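**Q** Before I ask anything, let me first share the structure, which is written out below as C-alpha cells.
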Amino acid sequence: MSDQELLLKHARHPSHAGDPSLHSRVGTCRNPLCGDMVDVGVTVIDGVIKSIDIRASGCGISTASASLMTEVVDGRSLEDALSSLELFNSSLLAPVSAGWPEQIALLKPFQRLRESPTRVPCALIGWFALKDALAKGES
C-alpha cells in the first residue's frame, strides 16, 4: 500500500473512531482557521493507555494523523505517548532532506508535509488533543 493509499484509508475509516466521552480523560483541539476538530478519549491504568477513541472532523490529513496516532500510542505508557508526540512534531519541522525516526515509522507518510509546512498543524491537531487528555487526571 502506498503512503497516499494508507493516508486515504485512515482519513475515510479512522482507527479507534468512537465516543471519547466514554473515557476518564478527554481532550480536544480545534483549529478555528480551517475548522479541523479532534476529540480524544483515553483510559489510563497504571500509567498505560489501555483504551483510546477519537472523533475527528476536518481535512484528510488531520483525520488520518489522529487515526494513526491511536495505533502508535494504544497500549503504550504515558511517557512513550508524549515522547512520540515530541518526536513527530520535531520530525515534521526537520529539513526536507532529514531522515525519519524509526520509532515513529508508522507516521512516515506525513514526511511529505515538510514540503508544505502550512499543513503541519493539520497533522498535529489530534496529537495536541491527546496531550490535553493525558494532562487531565491521575492514572
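Each chain in the C-alpha cells gets a letter, A, B and so on, in the order shown; residues start at 1 in every chain, and ligands are counted from 1 in the order they appear.
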Determine, counting only C-alpha atoms, which protein, DNA and RNA residues have an atom within 12 Å of an atom of Trp127 in chain A; residues of the same chain fewer than 5 positions away are not included. Present the result as number ranges by chain.
**A** A: 27-30, 37-41, 54, 56, 62-70, 72-73, 81-89, 120-122, 132-134
**Q** If you count only C-alpha atoms, which residues fall within 12 Å of Gln4 in chain A, apart from same-chain ones fewer than 4 positions away, as a PyMOL selection string?
**A** chain A and resi 8-11+60-61+64+107-112
**Q** What does the distance between CA of Arg12 in chain A and CA of Gly75 in chain A come to in Å, to one decimal place?
**A**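 Spanning CA of Arg12 in chain A to CA of Gly75 in chain A is a straight-line distance of 23.6 Å.
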**Q** Quick one: of A:Arg114, A:Val26, A:His13, A:Ile125, who's nearest to Gly99 in chain A, counting only C-alpha atoms?
**A**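 Answer, going by the shortest atom-to-atom distance: A:Arg114.
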**Q** With only C-alpha atoms as the basis for distance, which of A:Ala17, A:Leu130, A:Glu115, A:Ser57 is at the shortest distance from Asp36 in chain A?
**A**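 Smallest distance to Asp36 in chain A is found for A:Ser57.
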**Q** Any idea what the distance is between CA of Ile45 in chain A and CA of Asp80 in chain A?
**A**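 If I compute the distance from CA of Ile45 in chain A to CA of Asp80 in chain A, I get 14.3 Å.
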**Q** What is the distance, in Å and to one decimal place, between CA of Arg25 in chain A and CA of Val42 in chain A?
**A**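 Calculated distance between CA of Arg25 in chain A and CA of Val42 in chain A is 5.3 Å.
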**Q** Out of chain A, which residues get strand (DSSP E) from DSSP, as a PyMOL selection string?
**A** chain A and resi 25-30+37-45+48-57
**Q** Any chance you could export the current selection's C-alpha atoms as an mmCIF file, in the first residue's frame?
**A**
```cif
data_model
loop_
_atom_site.group_PDB
_atom_site.id
_atom_site.type_symbol
_atom_site.label_atom_id
_atom_site.label_comp_id
_atom_site.auth_asym_id
_atom_site.auth_seq_id
_atom_site.Cartn_x
_atom_site.Cartn_y
_atom_site.Cartn_z
ATOM 1 C CA ARG A 25 -9.723 11.570 30.229
ATOM 2 C CA VAL A 26 -10.936 13.620 27.280
ATOM 3 C CA GLY A 27 -9.018 16.221 25.314
ATOM 4 C CA THR A 28 -9.967 18.480 22.446
ATOM 5 C CA CYS A 29 -8.122 20.518 19.885
ATOM 6 C CA ARG A 30 -9.706 22.747 17.281
ATOM 7 C CA MET A 37 -11.505 19.388 15.227
ATOM 8 C CA VAL A 38 -10.345 16.286 17.073
ATOM 9 C CA ASP A 39 -11.617 14.925 20.384
ATOM 10 C CA VAL A 40 -9.605 12.164 22.059
ATOM 11 C CA GLY A 41 -10.714 9.990 24.954
ATOM 12 C CA VAL A 42 -8.275 7.760 26.800
ATOM 13 C CA THR A 43 -8.486 5.324 29.652
ATOM 14 C CA VAL A 44 -5.202 5.112 31.538
ATOM 15 C CA ILE A 45 -4.448 2.340 34.020
ATOM 16 C CA VAL A 48 -0.506 2.888 30.373
ATOM 17 C CA ILE A 49 -3.045 3.854 27.705
ATOM 18 C CA LYS A 50 -5.448 0.911 27.843
ATOM 19 C CA SER A 51 -8.116 2.301 25.529
ATOM 20 C CA ILE A 52 -8.423 5.237 23.138
ATOM 21 C CA ASP A 53 -11.195 6.645 20.945
ATOM 22 C CA ILE A 54 -11.237 9.625 18.619
ATOM 23 C CA ARG A 55 -13.848 11.786 16.953
ATOM 24 C CA ALA A 56 -12.331 13.766 14.096
ATOM 25 C CA SER A 57 -13.769 16.150 11.574
#
```
**Q** Write down as a ChimeraX atom specification the residues belonging to chain A that are assigned helix (DSSP H, G or I) by DSSP computed on the backbone.
**A** /A:3-12,20-22,60-73,78-92,102-115,117-134
**Q** Pick the closest to Leu6 in chain A from A:Gly137, A:Gly126, A:Leu106, A:Pro101: which is it, counting only C-alpha atoms?
**A** A:Leu106
